[in-house]
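Undergrad: What follows is a structure written as structure tokens; I'll ask about it next.
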Amino acid sequence: MEIRPARLEDAAQIASIYNYEVLNSTVTLEIDPRTTHQQERWIARHSGVHQALVAIDHDEIIGYASLSSYKLRAGYNTTVEDSIYLHHSHRRRGTGKLLLVRLLEIAAVSGFHTCIARIVVGNVASIELHKSVGFRTIGIEKEVGRKFSKWLDVVVMQKMLN
């Protein structure tokens with residue numbers, strides 16, 4: 001397996017992974033699938049210190065991860081938020097952990113101080129993944145999301161980077 005920065009030509013495969021979750025799960029609270037063009041713009045925004053990575057197996061993208069700004073105010077510039085998505089047929093094989101560890105290394109080298117993960121309650125795999133690399137639960141946001149006619153709580157987790 002290879003892990004590398006996302007490229008514009010990865011947009012269709014990344015969108016396919018993301019759109020599966022948009023349509024079928026509460027892993028993301030997005031409700032509208034992304035077009036390939038929207039995904040290309042997303043990739044362009046996720047370069048440099050707010051990087052997106054892809055995991056590739058046999059020329060197929062099987063997962064991706066990214067760093068995003070936590071908040072837009074300047075005082076939050078040393079905090080990032082992570083996101084990880086795996087193709088539904090490639091879960092529980094260690095790919096998520098490889099992506100997250102690499103992403104955290106990039107965040108630390110880039111000078112970020114802490115990383116936040118916001119995970120819908122019930123996404124046990126993601127919560128356990130984050131715990132396995134040192135994230136700690138710092139709170140629960142009650143009923144902050146709504147999808148499939150259900151109110152959803154979000155677990156907030158944090159890892160200090162340096």
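If you're wondering about the labels, chains in the structure tokens are A, B, ... by order shown, residues count from 1 in each chain, ligands from 1 in order shown.
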Extract, using only C-alpha atoms, all DNA, RNA and protein residues at most 8 Å from Thr28 in chain A, discarding same-chain residues fewer than 5 positions from it, and format them as a JSON list (two decimals) with C-alpha atoms, in the first residue's frame.

TA:
```json
[["chain", "number", "residue", "atom", "x", "y", "z"],
["A", 21, "GLU", "CA", -20.96, 7.86, 3.25],
["A", 22, "VAL", "CA", -23.09, 10.91, 2.42],
["A", 120, "VAL", "CA", -20.74, 11.21, 15.45]]
```

Undergrad: Quick one: pick out all strand (DSSP E or B) residues within chain A from a backbone DSSP run and write them as number ranges by chain.

TA: A: 2-5, 52-57, 60-69, 79-86, 114-120, 136-147, 150-160

Undergrad: For the structure I just gave you, how does DSSP split chain A - specifically, which residues are helix (DSSP H, G or I)? Reply as a ChimeraX atom specification.

TA: /A:8-24,36-45,74-76,95-109,124-132

Undergrad: Write the residues of the preceding selection, restricted to C-alpha atoms, as an mmCIF file, in the first residue's frame.

TA:
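Dumped to selection.cif:
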```cif
data_model
loop_
_atom_site.group_PDB
_atom_site.id
_atom_site.type_symbol
_atom_site.label_atom_id
_atom_site.label_comp_id
_atom_site.auth_asym_id
_atom_site.auth_seq_id
_atom_site.Cartn_x
_atom_site.Cartn_y
_atom_site.Cartn_z
ATOM 1 C CA LEU A 8 -6.471 16.440 -8.713
ATOM 2 C CA GLU A 9 -6.725 13.246 -10.753
ATOM 3 C CA ASP A 10 -7.825 11.436 -7.557
ATOM 4 C CA ALA A 11 -11.008 13.506 -7.352
ATOM 5 C CA ALA A 12 -13.448 10.966 -8.829
ATOM 6 C CA GLN A 13 -12.287 8.127 -6.579
ATOM 7 C CA ILE A 14 -12.257 10.320 -3.459
ATOM 8 C CA ALA A 15 -15.735 11.624 -4.303
ATOM 9 C CA SER A 16 -16.975 8.055 -4.720
ATOM 10 C CA ILE A 17 -15.743 7.087 -1.228
ATOM 11 C CA TYR A 18 -17.179 10.254 0.320
ATOM 12 C CA ASN A 19 -20.509 10.099 -1.504
ATOM 13 C CA TYR A 20 -21.115 6.539 -0.327
ATOM 14 C CA GLU A 21 -20.958 7.864 3.254
ATOM 15 C CA VAL A 22 -23.087 10.908 2.416
ATOM 16 C CA LEU A 23 -25.849 8.676 1.093
ATOM 17 C CA ASN A 24 -25.587 5.733 3.469
ATOM 18 C CA THR A 36 -15.943 15.519 -9.260
ATOM 19 C CA HIS A 37 -15.444 19.248 -9.862
ATOM 20 C CA GLN A 38 -16.308 20.044 -6.220
ATOM 21 C CA GLN A 39 -13.908 17.331 -5.098
ATOM 22 C CA GLU A 40 -11.142 18.840 -7.277
ATOM 23 C CA ARG A 41 -11.661 22.193 -5.531
ATOM 24 C CA TRP A 42 -11.539 20.408 -2.167
ATOM 25 C CA ILE A 43 -8.223 18.766 -3.120
ATOM 26 C CA ALA A 44 -6.815 22.127 -4.209
ATOM 27 C CA ARG A 45 -7.689 23.558 -0.767
ATOM 28 C CA ALA A 74 -6.346 33.715 13.860
ATOM 29 C CA GLY A 75 -6.060 32.615 17.477
ATOM 30 C CA TYR A 76 -6.953 29.060 16.412
ATOM 31 C CA THR A 95 -5.475 1.629 6.562
ATOM 32 C CA GLY A 96 -7.187 4.235 8.732
ATOM 33 C CA LYS A 97 -4.453 4.020 11.352
ATOM 34 C CA LEU A 98 -1.704 4.366 8.751
ATOM 35 C CA LEU A 99 -3.414 7.442 7.294
ATOM 36 C CA LEU A 100 -4.048 9.019 10.702
ATOM 37 C CA VAL A 101 -0.503 8.449 11.970
ATOM 38 C CA ARG A 102 0.957 9.980 8.786
ATOM 39 C CA LEU A 103 -1.466 12.900 8.998
ATOM 40 C CA LEU A 104 -0.495 13.598 12.616
ATOM 41 C CA GLU A 105 3.206 13.488 11.697
ATOM 42 C CA ILE A 106 2.561 16.097 8.997
ATOM 43 C CA ALA A 107 0.570 18.235 11.445
ATOM 44 C CA ALA A 108 3.354 18.133 14.055
ATOM 45 C CA VAL A 109 6.117 18.908 11.542
ATOM 46 C CA VAL A 124 -17.210 3.200 17.322
ATOM 47 C CA ALA A 125 -14.548 2.324 14.737
ATOM 48 C CA SER A 126 -13.468 5.949 14.363
ATOM 49 C CA ILE A 127 -13.555 6.605 18.095
ATOM 50 C CA GLU A 128 -11.402 3.521 18.773
ATOM 51 C CA LEU A 129 -9.031 4.448 15.945
ATOM 52 C CA HIS A 130 -8.479 7.885 17.430
ATOM 53 C CA LYS A 131 -8.011 6.442 20.933
ATOM 54 C CA SER A 132 -5.401 4.023 19.562
#
```

Undergrad: From the set A:Arg7, A:Gly63, A:His58, A:Tyr70, which residue has the shortest atom-to-atom contact distance to Arg92 in chain A, counting only C-alpha atoms?

TA: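 Result for the nearest residue to Arg92 in chain A: A:Gly63.
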
Undergrad: Can you list, as JSON, numbers by chain, every protein, DNA or RNA residue that comes within 6 Å of range 47-52 of chain A when you count only C-alpha atoms, leaving out same-chain residues fewer than 3 positions away?

TA: {"A": [5, 6, 65, 66, 67, 68]}

Undergrad: Looking at A:Ser83, A:Thr26, A:Gln158, A:Thr78, which one is nearest to Phe112 in chain A, with distances taken over only C-alpha atoms?

TA: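 Smallest distance to Phe112 in chain A is found for A:Thr78.
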
Undergrad: If we count only C-alpha atoms, what is near Thr79 in chain A at a cut-off of 8 Å, once residues fewer than 5 positions away on the same chain are taken out, given as a PyMOL selection string?

TA: chain A and resi 69-70+112-116

Undergrad: Name all residues at most 10 Å from range 146-154 of chain A (count only C-alpha atoms; drop same-chain ones fewer than 4 positions away) and give them as a list in words.

TA: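 Here the answer would be Val22, Leu23, Asn24, Ser25, Thr26, Thr28, Leu29, Glu30, Ile31, Ala117, Arg118, Ile119, Val120, Val121, Gly122, Asn123, Gly139, Ile140, Glu141 and Lys142 of chain A.
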
Undergrad: Once you have the residues from the selection above, write them out as a PDB file, in the first residue's frame, restricted to C-alpha atoms.

TA:
```
ATOM      1  CA  VAL A  22     -23.087  10.908   2.416  1.00  0.00           C
ATOM      2  CA  LEU A  23     -25.849   8.676   1.093  1.00  0.00           C
ATOM      3  CA  ASN A  24     -25.587   5.733   3.469  1.00  0.00           C
ATOM      4  CA  SER A  25     -24.269   6.750   6.885  1.00  0.00           C
ATOM      5  CA  THR A  26     -23.889   9.404   9.532  1.00  0.00           C
ATOM      6  CA  THR A  28     -20.480  12.679   7.662  1.00  0.00           C
ATOM      7  CA  LEU A  29     -23.338  15.043   8.329  1.00  0.00           C
ATOM      8  CA  GLU A  30     -23.245  16.243   4.728  1.00  0.00           C
ATOM      9  CA  ILE A  31     -26.433  15.376   2.863  1.00  0.00           C
ATOM     10  CA  ALA A 117     -11.530  14.955  15.927  1.00  0.00           C
ATOM     11  CA  ARG A 118     -15.298  15.396  15.826  1.00  0.00           C
ATOM     12  CA  ILE A 119     -17.028  12.020  15.474  1.00  0.00           C
ATOM     13  CA  VAL A 120     -20.735  11.208  15.452  1.00  0.00           C
ATOM     14  CA  VAL A 121     -21.660   9.144  18.511  1.00  0.00           C
ATOM     15  CA  GLY A 122     -22.050   5.541  17.415  1.00  0.00           C
ATOM     16  CA  ASN A 123     -19.090   5.571  15.033  1.00  0.00           C
ATOM     17  CA  GLY A 139     -16.673  16.350  25.423  1.00  0.00           C
ATOM     18  CA  ILE A 140     -19.913  15.561  23.677  1.00  0.00           C
ATOM     19  CA  GLU A 141     -21.892  18.066  21.651  1.00  0.00           C
ATOM     20  CA  LYS A 142     -25.550  17.130  22.154  1.00  0.00           C
TER      21      LYS A 142
END
```

Undergrad: Grab the CA of Gly111 in chain A to CA of His46 in chain A distance for me, in Å with one decimal place.

TA: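 Value for the CA of Gly111 in chain A-CA of His46 in chain A distance: 16.4 Å.
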